[in-house]
Amino acid sequence: MKLTMKIVAAAAMMMAASLSFAQKGETVKMVRIDALSGLLGPVGASQIKGYQFFAEKFSGAGNPAGVKFEITAIDNKLSPAESLNALKAAIDQGARYIVQGNGSSVALALSDAITKHNERNPGKEVMYLNDSAVDPDLTNSKCSYWHFRFDADTSMKMEAMSSFMTDQKDIKKVYLLNQNYSHGHQVAKYAKESLARKRPDIQFVGEDLHPLAQTRDFAPYIAKIKASGADTVITGNWGSDLSLLIKAANENGYNGKFFTYYTGVTGTPAALGNNGAGRIYQIAYNHYNMGGQMDKWMKEFKAKYNDDFYTGSTIRIYEMLGAAMAKAKSTDPVKVAAAMEGMKVKSFNGEVEMRKTDHQLQQPLYMSVWQKADAKYPYSPENTGMTLVPLKEYPNYISSTPTSCQMKRPS
């Protein structure tokens with residue numbers, strides 16, 4: 001009897017051990033649905049290189065679960081409708097991890113579609129990893145259990161940005177210029193709310209919304225900004241919509257400050273060139289001179305692709321996926337999602353936490369400014385001889401904002 005019990009116990013221990021590493025060596029298929037063509041295509045093309053680069057770094061022994069990450073891309077042409085077709089194709093190909101970021105209108109469509117898919121297809125659930133779409137609604141009124149955001153949302157970035165602007169006494173008149181979709185609307189909304197609270201003396205002297213990724217000449221907008229007397233522009237523009245805006249400002253003699261979210265993104269450094277030193281600011285969760293391991297990765301990435309890596313949320317997605325799969329002892333999105341809720345990991349700039357209540361990553365933010373590269377801050381994006389110099393770090397508790405999310409979890 002004792003011998004039988006020992007054999008049973010040993011068998012149970014062996015089974016538990018095998019289950020603990022059931023996913024070791026398994027390939028995790030991921031599909032990124034984002035623009036690879038059109039005016040904003042260069043951003044998506046650069047970012048998929050980052051995913052493929054770090055898939056190699058974090059596969060196998062690079063993550064605690066021992067899984068292999070494999071990622072492919074589908075061009076959605078920045079269209080919500082195209083994205084839904086791409087989602088169906090990705091699921092048909094067996095992908096259970098969907099990645100996206102460029103365009104909150106796309107993100108809202110994907111989040112809704114994935115939630116409905118999972119409700120209708122138990123056992124075939126899909127998890128949505130958002131690297132860049134920052135509309136606060138995604139983790140508030142329209143939050144989904146299957147959506148996890150690794151960027152800081154618009155309200156978080158504006159909380160840090162407005163705190164910095166509070167101390168800039170030369171800022172007196174602000175112009176709001178943004179893309180005409182959910183993200184642009186939210187940037188304007190939170191800018192007005194937060195500055196009214198922190199610097200009620202600042203005047204908003206103009207506000208414009210323009211079509212997303214369609215405007216090729218921003219000179220008319222610059223003329224309006226100059227006529228308004230604005231000393232500062234706040235914009236959430238990204239990609240060509242920011243690089244062409246900055247180009248028009250330089251060509252038409254506007255010398256005011258720009259407070260941005262995406263100065264470091266493809267195309268904008270080249271558009272800035274040597275201009276804008278000391279007056280183009282960026283609020284973000286990373287910058288080009290983070291130091292340590294990030295510096296090594298960025299140099300290696302540039303040597304391999306002749307391109308600049310700037311989407312640090314890519315790294316955090318792999319870090320958290322590996323940790324959650326190890327904790328769940330599974331690659332099943334249902335178990336991985338449950339394991340990722342509330343998870344904390346050490347990342348390239350300290351500890352970050354996936355807040356359980358709304359699946360919004362809590363992380364530090366940095367205010368940086370466009371300056372000439374030097375020995376202390378040497379990284380030069382797009383070989384401009386310039387860089388983003390960090391001015392101030394805002395720890396998690398400062399950049400964090402409350403959530404109204406009422407999370408509906410699977411039974």
# chains A, B, ... in the order shown; residues from 1 in each chain; ligands from 1
$ select_by_dssp --residues "region 5-161 of chain A" --states "helix (DSSP H, G or I)" --output "PyMOL selection string"
chain A and resi 5-20+41-58+60-62+80-92+104-120+136-139+154-161
$ residues_around --residues "region 403-406 of chain A" --least-positions-apart "4" --cutoff "6 Å" --atoms "only C-alpha atoms" --output "number ranges by chain"
A: 140-141, 143, 358
$ closest_atom_pairs --of "region 195-295 of chain A" --to "region 145-153 of chain A" --cutoff "12 Å" --atoms "only C-alpha atoms" --output "JSON lines"
{"residue": "A:Gly236", "atom": "CA", "partner": "A:Asp153", "partner_atom": "CA", "distance": 11.5}
{"residue": "A:Tyr261", "atom": "CA", "partner": "A:Ala152", "partner_atom": "CA", "distance": 10.5}
{"residue": "A:Ile283", "atom": "CA", "partner": "A:Ala152", "partner_atom": "CA", "distance": 10.1}
{"residue": "A:Ala284", "atom": "CA", "partner": "A:Ala152", "partner_atom": "CA", "distance": 7.8}
{"residue": "A:Tyr285", "atom": "CA", "partner": "A:Ala152", "partner_atom": "CA", "distance": 7.1}
{"residue": "A:Asn286", "atom": "CA", "partner": "A:Asp151", "partner_atom": "CA", "distance": 10.1}
$ write_last_selection --atoms "N, CA, C and O atoms" --output "CSV table (one decimal), in the first residue's frame"
chain,number,residue,atom,x,y,z
A,236,GLY,N,-1.2,66.2,-30.9
A,236,GLY,CA,-1.0,64.8,-30.8
A,236,GLY,C,-0.7,64.2,-32.1
A,236,GLY,O,-0.7,62.9,-32.2
A,261,TYR,N,3.5,64.4,-28.7
A,261,TYR,CA,3.6,63.0,-28.2
A,261,TYR,C,4.6,62.2,-29.0
A,261,TYR,O,5.1,61.2,-28.5
A,283,ILE,N,6.5,64.2,-24.8
A,283,ILE,CA,6.2,63.4,-23.6
A,283,ILE,C,5.9,62.0,-24.1
A,283,ILE,O,5.2,61.7,-25.0
A,284,ALA,N,6.6,61.0,-23.4
A,284,ALA,CA,6.5,59.6,-23.9
A,284,ALA,C,7.1,58.7,-22.7
A,284,ALA,O,7.6,59.2,-21.8
A,285,TYR,N,6.8,57.4,-22.9
A,285,TYR,CA,7.3,56.5,-21.9
A,285,TYR,C,8.8,56.0,-22.1
A,285,TYR,O,9.3,55.3,-21.3
A,286,ASN,N,9.4,56.5,-23.2
A,286,ASN,CA,10.8,56.3,-23.4
A,286,ASN,C,11.3,57.4,-24.3
A,286,ASN,O,10.6,58.2,-24.9
$ residues_around --residues "Gln93 (chain A)" --least-positions-apart "4" --cutoff "10 Å" --atoms "only C-alpha atoms" --output "list in words"
Lys29, Val31, Leu87, Lys88 and Ala89 of chain A
$ residues_around --residues "Gly342 (chain A)" --least-positions-apart "5" --cutoff "9 Å" --atoms "only C-alpha atoms" --output "list in words"
Glu353, Met354, Arg355, Lys356, Thr357 and His359 of chain A
$ closest_atom_pairs --of "region 261-347 of chain A" --to "region 376-398 of chain A" --cutoff "10 Å" --atoms "only C-alpha atoms" --output "CSV"
residue,atom,partner,partner_atom,distance
A:Thr263,CA,A:Leu388,CA,8.6
A:Gly264,CA,A:Pro381,CA,7.6
A:Val265,CA,A:Pro381,CA,9.2
A:Thr266,CA,A:Glu382,CA,8.2
A:Gly267,CA,A:Glu382,CA,8.0
A:Thr268,CA,A:Glu382,CA,9.0
A:Pro269,CA,A:Glu382,CA,6.3
A:Ala270,CA,A:Glu382,CA,6.0
A:Ala271,CA,A:Thr384,CA,9.4
A:Leu272,CA,A:Thr384,CA,8.4
A:Gly273,CA,A:Thr384,CA,5.5
A:Asn274,CA,A:Met386,CA,6.7
A:Asn275,CA,A:Met386,CA,9.3
A:Gly276,CA,A:Met386,CA,10.0
A:Ala277,CA,A:Met386,CA,8.3
A:Gly278,CA,A:Val389,CA,9.6
A:Ile280,CA,A:Leu388,CA,9.1
A:Tyr281,CA,A:Leu388,CA,8.2
A:Gln282,CA,A:Leu388,CA,8.0
A:Ile283,CA,A:Lys392,CA,9.6
A:Ala284,CA,A:Glu393,CA,9.9
A:Tyr285,CA,A:Glu393,CA,9.3
A:Asn286,CA,A:Pro390,CA,9.3
A:His287,CA,A:Leu388,CA,6.6
A:Tyr288,CA,A:Leu388,CA,6.2
A:Asn289,CA,A:Tyr377,CA,5.9
A:Met290,CA,A:Pro390,CA,8.7
A:Gly291,CA,A:Tyr377,CA,9.1
A:Asp295,CA,A:Tyr379,CA,8.5
A:Met298,CA,A:Tyr379,CA,8.9
A:Lys299,CA,A:Tyr379,CA,8.6
A:Lys302,CA,A:Pro381,CA,9.5
A:Asn306,CA,A:Glu382,CA,8.8
A:Asp307,CA,A:Glu382,CA,7.3
A:Asp308,CA,A:Pro381,CA,6.2
A:Phe309,CA,A:Pro381,CA,8.9
A:Tyr310,CA,A:Pro381,CA,9.5
$ write_last_selection --atoms "N, CA and C atoms" --output "mmCIF file, in the first residue's frame"
data_model
loop_
_atom_site.group_PDB
_atom_site.id
_atom_site.type_symbol
_atom_site.label_atom_id
_atom_site.label_comp_id
_atom_site.auth_asym_id
_atom_site.auth_seq_id
_atom_site.Cartn_x
_atom_site.Cartn_y
_atom_site.Cartn_z
ATOM 1 N N THR A 263 7.422 63.136 -31.412
ATOM 2 C CA THR A 263 8.538 63.724 -32.155
ATOM 3 C C THR A 263 9.537 62.673 -32.619
ATOM 4 N N GLY A 264 9.735 61.634 -31.835
ATOM 5 C CA GLY A 264 10.758 60.632 -32.153
ATOM 6 C C GLY A 264 10.368 59.629 -33.211
ATOM 7 N N VAL A 265 9.135 59.689 -33.720
ATOM 8 C CA VAL A 265 8.625 58.675 -34.641
ATOM 9 C C VAL A 265 9.080 58.950 -36.080
ATOM 10 N N THR A 266 9.216 57.885 -36.867
ATOM 11 C CA THR A 266 9.712 57.921 -38.243
ATOM 12 C C THR A 266 9.299 59.177 -39.014
ATOM 13 N N GLY A 267 10.286 59.852 -39.580
ATOM 14 C CA GLY A 267 10.038 60.995 -40.454
ATOM 15 C C GLY A 267 10.157 62.338 -39.776
ATOM 16 N N THR A 268 9.760 62.416 -38.509
ATOM 17 C CA THR A 268 9.779 63.717 -37.825
ATOM 18 C C THR A 268 11.195 64.192 -37.509
ATOM 19 N N PRO A 269 12.108 63.335 -37.023
ATOM 20 C CA PRO A 269 13.476 63.822 -36.804
ATOM 21 C C PRO A 269 14.101 64.423 -38.069
ATOM 22 N N ALA A 270 13.900 63.757 -39.211
ATOM 23 C CA ALA A 270 14.463 64.275 -40.466
ATOM 24 C C ALA A 270 13.822 65.607 -40.839
ATOM 25 N N ALA A 271 12.507 65.741 -40.590
ATOM 26 C CA ALA A 271 11.814 66.996 -40.894
ATOM 27 C C ALA A 271 12.329 68.126 -40.007
ATOM 28 N N LEU A 272 12.660 67.806 -38.777
ATOM 29 C CA LEU A 272 13.199 68.810 -37.865
ATOM 30 C C LEU A 272 14.615 69.210 -38.250
ATOM 31 N N GLY A 273 15.447 68.197 -38.548
ATOM 32 C CA GLY A 273 16.846 68.478 -38.853
ATOM 33 C C GLY A 273 17.493 69.255 -37.729
ATOM 34 N N ASN A 274 18.223 70.290 -38.077
ATOM 35 C CA ASN A 274 18.890 71.120 -37.072
ATOM 36 C C ASN A 274 17.990 72.205 -36.513
ATOM 37 N N ASN A 275 16.786 72.309 -37.058
ATOM 38 C CA ASN A 275 15.852 73.331 -36.582
ATOM 39 C C ASN A 275 15.124 72.864 -35.321
ATOM 40 N N GLY A 276 14.544 73.766 -34.623
ATOM 41 C CA GLY A 276 13.683 73.425 -33.483
ATOM 42 C C GLY A 276 14.404 73.133 -32.192
ATOM 43 N N ALA A 277 15.723 73.322 -32.158
ATOM 44 C CA ALA A 277 16.462 73.036 -30.922
ATOM 45 C C ALA A 277 15.909 73.863 -29.769
ATOM 46 N N GLY A 278 15.595 73.184 -28.676
ATOM 47 C CA GLY A 278 15.134 73.861 -27.470
ATOM 48 C C GLY A 278 13.671 74.262 -27.476
ATOM 49 N N ILE A 280 11.080 72.056 -29.355
ATOM 50 C CA ILE A 280 10.210 70.938 -29.707
ATOM 51 C C ILE A 280 10.307 69.911 -28.577
ATOM 52 N N TYR A 281 9.193 69.691 -27.889
ATOM 53 C CA TYR A 281 9.164 68.821 -26.708
ATOM 54 C C TYR A 281 8.352 67.556 -26.995
ATOM 55 N N GLN A 282 8.721 66.479 -26.303
ATOM 56 C CA GLN A 282 7.977 65.231 -26.421
ATOM 57 C C GLN A 282 7.712 64.648 -25.043
ATOM 58 N N ILE A 283 6.477 64.201 -24.811
ATOM 59 C CA ILE A 283 6.153 63.421 -23.609
ATOM 60 C C ILE A 283 5.930 61.989 -24.057
ATOM 61 N N ALA A 284 6.623 61.049 -23.429
ATOM 62 C CA ALA A 284 6.537 59.648 -23.858
ATOM 63 C C ALA A 284 7.051 58.742 -22.748
ATOM 64 N N TYR A 285 6.846 57.425 -22.918
ATOM 65 C CA TYR A 285 7.305 56.472 -21.908
ATOM 66 C C TYR A 285 8.755 56.048 -22.130
ATOM 67 N N ASN A 286 9.386 56.519 -23.210
ATOM 68 C CA ASN A 286 10.818 56.309 -23.405
ATOM 69 C C ASN A 286 11.346 57.409 -24.334
ATOM 70 N N HIS A 287 12.666 57.433 -24.522
ATOM 71 C CA HIS A 287 13.272 58.404 -25.433
ATOM 72 C C HIS A 287 14.523 57.760 -26.007
ATOM 73 N N TYR A 288 15.281 58.507 -26.765
ATOM 74 C CA TYR A 288 16.404 57.913 -27.493
ATOM 75 C C TYR A 288 17.660 57.696 -26.656
ATOM 76 N N ASN A 289 17.670 58.150 -25.418
ATOM 77 C CA ASN A 289 18.886 58.052 -24.603
ATOM 78 C C ASN A 289 18.582 57.456 -23.228
ATOM 79 N N MET A 290 17.945 56.274 -23.238
ATOM 80 C CA MET A 290 17.537 55.634 -21.985
ATOM 81 C C MET A 290 18.716 55.045 -21.217
ATOM 82 N N GLY A 291 19.797 54.702 -21.927
ATOM 83 C CA GLY A 291 20.957 54.114 -21.268
ATOM 84 C C GLY A 291 20.820 52.607 -21.083
ATOM 85 N N ASP A 295 20.163 51.087 -24.750
ATOM 86 C CA ASP A 295 21.150 51.670 -25.666
ATOM 87 C C ASP A 295 21.786 50.601 -26.543
ATOM 88 N N MET A 298 19.284 49.405 -29.165
ATOM 89 C CA MET A 298 19.048 50.405 -30.206
ATOM 90 C C MET A 298 20.202 50.482 -31.194
ATOM 91 N N LYS A 299 21.427 50.384 -30.703
ATOM 92 C CA LYS A 299 22.590 50.394 -31.592
ATOM 93 C C LYS A 299 22.590 49.156 -32.490
ATOM 94 N N LYS A 302 19.844 49.528 -35.154
ATOM 95 C CA LYS A 302 20.228 50.468 -36.211
ATOM 96 C C LYS A 302 21.248 49.840 -37.154
ATOM 97 N N ASN A 306 19.368 49.762 -40.396
ATOM 98 C CA ASN A 306 19.562 51.170 -40.766
ATOM 99 C C ASN A 306 18.294 51.966 -40.470
ATOM 100 N N ASP A 307 17.758 51.758 -39.286
ATOM 101 C CA ASP A 307 16.513 52.374 -38.852
ATOM 102 C C ASP A 307 16.611 52.619 -37.351
ATOM 103 N N ASP A 308 15.686 53.416 -36.825
ATOM 104 C CA ASP A 308 15.690 53.748 -35.396
ATOM 105 C C ASP A 308 14.555 53.028 -34.687
ATOM 106 N N PHE A 309 14.859 52.469 -33.521
ATOM 107 C CA PHE A 309 13.828 51.821 -32.708
ATOM 108 C C PHE A 309 13.305 52.818 -31.689
ATOM 109 N N TYR A 310 11.978 52.979 -31.628
ATOM 110 C CA TYR A 310 11.392 53.941 -30.678
ATOM 111 C C TYR A 310 10.139 53.423 -29.985
#
$ select_by_dssp --residues "region 259-400 of chain A" --states "strand (DSSP E or B)" --output "VMD selection string"
chain A and resid 259 to 260 280 to 284 344 to 348 350 to 354 360 to 362 365 to 372 386 to 394
$ closest_residue --among "A:Val134, A:Leu110, A:Ala188, A:Leu365" --to "Gly350 (chain A)" --atoms "only C-alpha atoms"
A:Leu365
